[in-house]
Amino acid sequence: GVGGAGGASQADTVAVDGGSGGMSGTGKGDLYSVPMSSFLPAAHRSLLLEAYTSIGEMDSLYGVGADLLGNVQTRLCTYVQEGEWHKAIGTYNMQVMESGHTTYTTAGLLECMQQLGLEHISSVYFDGLLARHPEEAAQVAEYQYQAAWRSMQWDLPQSSRQNLTSGFHQSLYSCLQWLRSAELSSVDTAISEMRVSVVDQLCLACLESTHGVYPILSRLQSLVEVEEVTDVLRGHLSVQLLSERWQSRSSLMNDDFSTIEPVLALRSALLHVVSEQQQPSFNQSVSVAGSGGYQARTPAGVTSNRSLVLAVLSETLQSTAQRAREAGQLQIAERVLFSLQRLHQGPGKAAFMSTSREWTWQLEYCRLFWARNEHRTALQMLCQLTDQLDKRQGASESAAILYPQMLCQYGQWLADTHNASPTTIMSDYMEKAVNLMSCICEKAPQAAMEAFFAVARFADKQHTLLVQQMSSTEEEDKEESIKKQVAELDQLSTVNVRHESVREVKHYVRLLKLAKETDSKYLERFRVARNQFLISSLKNYIRCLQAGDAYDLRIFRLISLWFENLMEKDVDVLMAAELPRLQSRKLLPLLYQLAARISCTPLEGTQFQQTVAKILEKLCLDHPHHSMYVILALRNANEGTMKSSDAAAPPPAKRMRRQTSGQSSSSSGDGFNDDKVVAARTIVQRLSKEQPALVESMCRLCEAYNELAYFNVQHLKGKTAHAHDIPPAFKLLKMKQMSLVAVTASNIEVDPSCEYKNLITIEQFQSTFNLVGGINMPKRIACLGSDGVQRQLLVKGQDDLRQDAVMQQVFEMVNQWLKRDSTTKKRQLRIRTYKVVPLSQRSGIVQWCVDTMPLGQYLVVGEQSAHKRYQPTAPSNMRCRETLTNAKTPENKLKAFMEVTKAFLPVFRYFFLENFPDPAQWFEHSLIYTRSAATASIVGYIMGLGDRHCQNILIDRRTAEVIHIDLGVAFEQGKALPTPETIPFRLTRDIVDGMGLSGTEGVFRRCCEATLQLMKISREELLTIVQVLLYDPLYQWTVSPVKARKLQGDGGGGGGGLATPQGTQTSGGGRTSGSSTGGAQSMESSSSRKMAEHVLKRMHQKLQGIEEEGVALSVSGQVAHLIQEATNESNLCRVFPGWQPWV
């Protein structure tokens, strides 16, 4: 497998022989939405439901129709798995009404009440239940004791000290009782017995799924924390150290609130018990500072000790409430906050609580009401709290820190509810908050970062709205009206009027002047407000990035605003002063976009070019292994201006020497010109003075790579089975023991310290290379690293890799969002990426994806392909292609496609049976494949990724993840091809066949929905990133007619060539320029901005759910529409036959 290797693109009309085979099924588009599992007998479906429920695989549960069946039992199963306890408790109630109390319904009701935090109500329920059904006491004992210790009710009978065979919660209840009475030896014995019992459960747990393991691990953790509290009571552990341990553990806990909630609830119960404890041993448990030991306390220490315990309890309750709110468990959050309120306001306890803690939990109360959409209450409470802090901020450090946070919060909520004008919000709340926070930034960096971000985002939003208004027709009309008024005034001043008309004329002139002044003042206020919001957003984005790392992706928005307003003097001065002071690692994601704008000709009246050059130099010095190749690619840009590929490539070394000596080369006609090349060369020369050895080594390495990239191997065409010798005189063989240069295209983590120690550097290169196919015949080489491991690299010549590199950059950004969101993180969704390093505009290095193969290679290439092995009697892949190619009219195309699909059936399911024969591994990797396909499909759809034929999608034989390569057709360029692409992503029958019984239902659909929902949530960041990329002067995101025709040969029919992503190869293998003529280039350049705006508008529509007729669809509706479009035969039959839609 190869990341970025060429494949059978649409221009490749020479089909590769394939086989046939398949599975039962028609492949009709309308049947894709009905999973095969729907046709299973009811008993089989029930078995699948039970299996998926047992392992907690909720997405698969939907795949067998859990969301379609109407019976109560299935709905309950769905609600419980989804954690929708409000719905579940009502459904259990209906079951009780229908069939009376059963052990199942009773347990379900009690579980719902416990999950909703209704322990006191459940206690009342127990009383009534046991009075009417005493025979159920044993069945509900665990729930009863759990509700009792959670609600601090200590009137139930304890377990016998001699017989500890009761349930976990009954034993835990007894432990807490013994802690209350200081019977610590009984606690030790109970914990030992309980640990053995829990470990036995763990041994019996199914390790094929963690669904049943986490609750058991949660119980083990609970026992550890009971032991720690026992140590506190014995005086072996201080309360302060206990609190620190719990806080450090909390950061490592699973994000699933249902898993960590029992531990948090037990912490609260334990601290309540300790706070009530009056034994001397507890009073002696505070350590002497710095001694590491403990010393006896006097009775006066009771107050301070108890105060510390209550403080820890307060922090624990507040943390629990915040986690519950963020998890959407608002009922639990309110119950915990109510307990916290009672703790602070109860008799004899308020004296031990600091005012700052009270302010903090009151703020959490405000946020809870806001989360419950009780906006008026939240605003009123926050307003009162802000007034209190305003009066106390001068006398209290905690008030000084909290006050600006609350000002920001209040300002945001006022903006969200439109309760104040943007100017008022900005002046009275936002600016006031950041001014206060700037003074205390070092004391509270996290709070400062949040405040700066809130203000920056608010100002950015207002600036954007004003820009949109000023560019609207209304504002244009105002400006035109002012011009007409001025012209009319000038005309009236020169006209002689009769005496009797003077008065009327003067009155009219006054009216004109008044209208002109009014309109002028209106526009001036608009411009002033826009500039004020712009500067405020830039300043606070910079402050936010300086204060912390949580919002590092906002660097894209910061740079986007800079590029849009670089001619504004205030912006220019601000960015020139502040950007170079940012940590350089935060600018690394924009390295390509910054480098694309370098020039040796200063932009008149600005410091823009100097600022960009300064930033790039800093990036190269701090992070040379990430940055230097980008600058060297610009310096060597014209290395791609080669002769025809039929002729031998001229030695790159001579051309490089000419460039170094100062001779200019011609413009490449593809975004590069002498100006950028000279500017890049200047930067390299300055870097050579700072790090001469490293720069010289990397320059020589690039020369060696380019020499091999342009090495003419036409005489070896078709000889891909054997290795070939690299000519002995080639420089690559002389690249040995390069201790300063990291292995190219390796994954190097960004080092904030910029030291980059223990890098894996280049030892030497293998003396042979392999060809991997494709018209450009890229060469696979092996590089031995300093760690003794050989790494495969793909050296590509006469191929523009810049767009691939930038698309990988987008995918990496999306992966950060997928890791950040709890829904996608739980499903472990991600897009597989690989490193791409452009060396010039026509060469580069691509990371080789180990243990991967193209889907086409497994399915249809060669006699050992899956279709050939499993369906040998089906028509060949070539015959299918010929059948579709010969069909000309839409009706004939559909008829031909239906005939082909009827005989050529999918077989991709066998990939999983062959590579993962163990049932557990088979199921796990089927899930990984389906999730990977779903994520890539949705992200590819949003980015308009096209040309997804079988050779451009790899499958990892170890993990079953899909990897998309050759990303040269993006932003819906596929719709501009001679044979337009009619589908949103590849979801052909073989792709679906690997998803198992459920097909596109269940896992695939739910993961698509989760990914699309995340993309919508991250819409602002995504559009900002893409906006920066689209207006990049070096990248051609639009498809010219010449380029489009090259991608599909002669209009989508024949032709024997293979197009590269940039369309740089003719069908006969000869090379043409990236743009055919100067006139065509000029036309393409003049329309590029409009095309970029169109791309952004269409992407915005996708993220709004607008697909057809201008109607915005829901997430589920949009996913359903996309799946239907991707599997519809009428769409598939019209795509280019080289795309192989029948596979």
# chains A, B, ... in the order shown; residues from 1 in each chain; ligands from 1
$ residues_around --residues "Ala324 in chain A" --least-positions-apart "3" --cutoff "12 Å" --atoms "only C-alpha atoms" --output "PyMOL selection string"
chain A and resi 115-117+255-262+264-265+317-321+327-337+364+367-368+371
$ write_last_selection --atoms "N, CA, C and O atoms" --output "short mmCIF file (atom, residue, chain, number, x, y, z; two decimals), in the first residue's frame"
data_model
loop_
_atom_site.label_atom_id
_atom_site.label_comp_id
_atom_site.auth_asym_id
_atom_site.auth_seq_id
_atom_site.Cartn_x
_atom_site.Cartn_y
_atom_site.Cartn_z
N GLN A 115 -30.04 6.73 38.61
CA GLN A 115 -29.35 7.48 37.57
C GLN A 115 -29.82 8.93 37.48
O GLN A 115 -29.08 9.80 37.07
N LEU A 116 -31.06 9.17 37.91
CA LEU A 116 -31.59 10.53 37.90
C LEU A 116 -31.32 11.28 39.20
O LEU A 116 -31.73 12.43 39.36
N GLY A 117 -30.65 10.61 40.14
CA GLY A 117 -30.32 11.26 41.39
C GLY A 117 -31.50 11.40 42.33
O GLY A 117 -31.54 12.33 43.15
N ASP A 255 -14.13 9.71 30.47
CA ASP A 255 -15.04 10.82 30.20
C ASP A 255 -16.51 10.44 30.39
O ASP A 255 -17.36 11.31 30.45
N ASP A 256 -16.80 9.15 30.44
CA ASP A 256 -18.18 8.70 30.59
C ASP A 256 -18.66 9.00 32.01
O ASP A 256 -18.19 8.39 32.98
N PHE A 257 -19.61 9.91 32.14
CA PHE A 257 -20.06 10.34 33.47
C PHE A 257 -20.69 9.19 34.24
O PHE A 257 -20.54 9.10 35.47
N SER A 258 -21.39 8.29 33.56
CA SER A 258 -22.04 7.19 34.25
C SER A 258 -21.02 6.26 34.91
O SER A 258 -21.33 5.58 35.88
N THR A 259 -19.79 6.25 34.39
CA THR A 259 -18.74 5.41 34.97
C THR A 259 -18.12 6.05 36.19
O THR A 259 -17.85 5.38 37.19
N ILE A 260 -17.91 7.35 36.15
CA ILE A 260 -17.21 8.01 37.25
C ILE A 260 -18.15 8.54 38.33
O ILE A 260 -17.71 8.83 39.44
N GLU A 261 -19.44 8.63 38.04
CA GLU A 261 -20.37 9.18 39.01
C GLU A 261 -20.41 8.39 40.32
O GLU A 261 -20.44 9.01 41.41
N PRO A 262 -20.41 7.05 40.29
CA PRO A 262 -20.41 6.32 41.58
C PRO A 262 -19.21 6.66 42.45
O PRO A 262 -19.33 6.75 43.68
N LEU A 264 -17.49 9.54 42.43
CA LEU A 264 -17.68 10.90 42.94
C LEU A 264 -18.72 10.93 44.06
O LEU A 264 -18.56 11.65 45.05
N ALA A 265 -19.79 10.14 43.92
CA ALA A 265 -20.82 10.09 44.97
C ALA A 265 -20.25 9.50 46.25
O ALA A 265 -20.54 9.98 47.37
N LEU A 317 -18.15 18.32 45.60
CA LEU A 317 -19.53 18.49 45.16
C LEU A 317 -19.61 19.42 43.95
O LEU A 317 -20.35 19.16 43.00
N GLN A 318 -18.82 20.49 43.98
CA GLN A 318 -18.86 21.42 42.86
C GLN A 318 -18.33 20.77 41.58
O GLN A 318 -18.88 20.95 40.50
N SER A 319 -17.26 19.99 41.72
CA SER A 319 -16.71 19.29 40.57
C SER A 319 -17.72 18.29 40.01
O SER A 319 -17.88 18.16 38.79
N THR A 320 -18.42 17.59 40.91
CA THR A 320 -19.43 16.64 40.47
C THR A 320 -20.55 17.34 39.73
O THR A 320 -21.03 16.88 38.69
N ALA A 321 -21.00 18.48 40.26
CA ALA A 321 -22.07 19.24 39.61
C ALA A 321 -21.65 19.71 38.22
O ALA A 321 -22.44 19.64 37.27
N ALA A 327 -22.20 16.73 31.15
CA ALA A 327 -22.66 15.46 30.58
C ALA A 327 -24.14 15.47 30.26
O ALA A 327 -24.69 14.48 29.78
N GLY A 328 -24.81 16.60 30.53
CA GLY A 328 -26.24 16.69 30.26
C GLY A 328 -27.11 16.09 31.35
O GLY A 328 -28.34 16.01 31.19
N GLN A 329 -26.53 15.68 32.47
CA GLN A 329 -27.29 15.10 33.59
C GLN A 329 -27.69 16.25 34.53
O GLN A 329 -27.16 16.40 35.63
N LEU A 330 -28.63 17.05 34.07
CA LEU A 330 -28.98 18.27 34.79
C LEU A 330 -29.68 17.99 36.11
O LEU A 330 -29.56 18.77 37.06
N GLN A 331 -30.44 16.88 36.17
CA GLN A 331 -31.12 16.55 37.42
C GLN A 331 -30.11 16.24 38.52
O GLN A 331 -30.23 16.70 39.66
N ILE A 332 -29.09 15.46 38.17
CA ILE A 332 -28.04 15.15 39.14
C ILE A 332 -27.28 16.41 39.53
O ILE A 332 -26.97 16.63 40.70
N ALA A 333 -26.99 17.24 38.55
CA ALA A 333 -26.27 18.48 38.84
C ALA A 333 -27.04 19.35 39.82
O ALA A 333 -26.46 19.91 40.77
N GLU A 334 -28.35 19.45 39.63
CA GLU A 334 -29.15 20.27 40.54
C GLU A 334 -29.18 19.67 41.94
O GLU A 334 -29.09 20.38 42.94
N ARG A 335 -29.31 18.34 42.01
CA ARG A 335 -29.33 17.68 43.32
C ARG A 335 -28.02 17.90 44.07
O ARG A 335 -27.99 18.18 45.27
N VAL A 336 -26.88 17.81 43.35
CA VAL A 336 -25.58 18.01 43.99
C VAL A 336 -25.41 19.46 44.43
O VAL A 336 -24.92 19.74 45.53
N LEU A 337 -25.84 20.40 43.59
CA LEU A 337 -25.74 21.81 43.96
C LEU A 337 -26.64 22.14 45.16
O LEU A 337 -26.30 22.98 46.00
N GLU A 364 -21.90 28.28 39.28
CA GLU A 364 -22.29 26.99 38.70
C GLU A 364 -23.80 26.84 38.67
O GLU A 364 -24.36 26.28 37.71
N ARG A 367 -25.03 28.68 35.65
CA ARG A 367 -24.78 27.93 34.42
C ARG A 367 -25.75 26.76 34.27
O ARG A 367 -26.13 26.40 33.16
N LEU A 368 -26.15 26.18 35.41
CA LEU A 368 -27.13 25.10 35.36
C LEU A 368 -28.47 25.62 34.84
O LEU A 368 -29.10 25.00 33.97
N ALA A 371 -28.23 26.15 31.20
CA ALA A 371 -28.27 24.88 30.46
C ALA A 371 -29.70 24.34 30.37
O ALA A 371 -30.04 23.63 29.42
#
$ closest_residue --among "A:Leu118, A:Arg931, A:Arg1019, A:Gln412" --to "Trp85 in chain A" --atoms "only C-alpha atoms"
A:Leu118
$ closest_residue --among "A:Leu1022, A:Ala138, A:Val273, A:Ile216" --to "Thr103 in chain A" --atoms "only C-alpha atoms"
A:Ala138
$ select_by_dssp --residues "range 906-1033 of chain A" --states "strand (DSSP E)" --output "number ranges by chain"
A: 953-956, 962-964
$ write_last_selection --atoms "N, CA, C and O atoms" --output "short mmCIF file (atom, residue, chain, number, x, y, z; two decimals), in the first residue's frame"
data_model
loop_
_atom_site.label_atom_id
_atom_site.label_comp_id
_atom_site.auth_asym_id
_atom_site.auth_seq_id
_atom_site.Cartn_x
_atom_site.Cartn_y
_atom_site.Cartn_z
N ILE A 953 -8.30 4.51 -2.62
CA ILE A 953 -8.69 4.19 -1.25
C ILE A 953 -7.92 2.95 -0.82
O ILE A 953 -8.04 1.89 -1.46
N LEU A 954 -7.12 3.10 0.22
CA LEU A 954 -6.35 1.98 0.74
C LEU A 954 -7.09 1.35 1.91
O LEU A 954 -7.87 2.00 2.59
N ILE A 955 -6.79 0.07 2.16
CA ILE A 955 -7.30 -0.62 3.34
C ILE A 955 -6.11 -1.14 4.13
O ILE A 955 -5.19 -1.73 3.56
N ASP A 956 -6.08 -0.87 5.41
CA ASP A 956 -4.99 -1.32 6.28
C ASP A 956 -5.26 -2.77 6.68
O ASP A 956 -6.28 -3.08 7.28
N VAL A 962 -9.63 2.63 6.52
CA VAL A 962 -9.47 3.09 5.14
C VAL A 962 -8.61 4.34 5.13
O VAL A 962 -8.64 5.14 6.07
N ILE A 963 -7.83 4.50 4.08
CA ILE A 963 -6.93 5.64 3.93
C ILE A 963 -7.14 6.20 2.53
O ILE A 963 -7.00 5.48 1.54
N HIS A 964 -7.46 7.47 2.45
CA HIS A 964 -7.69 8.11 1.16
C HIS A 964 -6.40 8.77 0.68
O HIS A 964 -5.75 9.50 1.42
#
$ atom_distance --atom1 "CA of His1100 in chain A" --atom2 "CA of Val1026 in chain A"
10.8 Å
$ residues_around --residues "Trp370 in chain A" --least-positions-apart "6" --cutoff "10 Å" --atoms "only C-alpha atoms" --output "list in words"
Glu364, Arg376, Thr377, Ala378, Leu379 and Trp413 of chain A
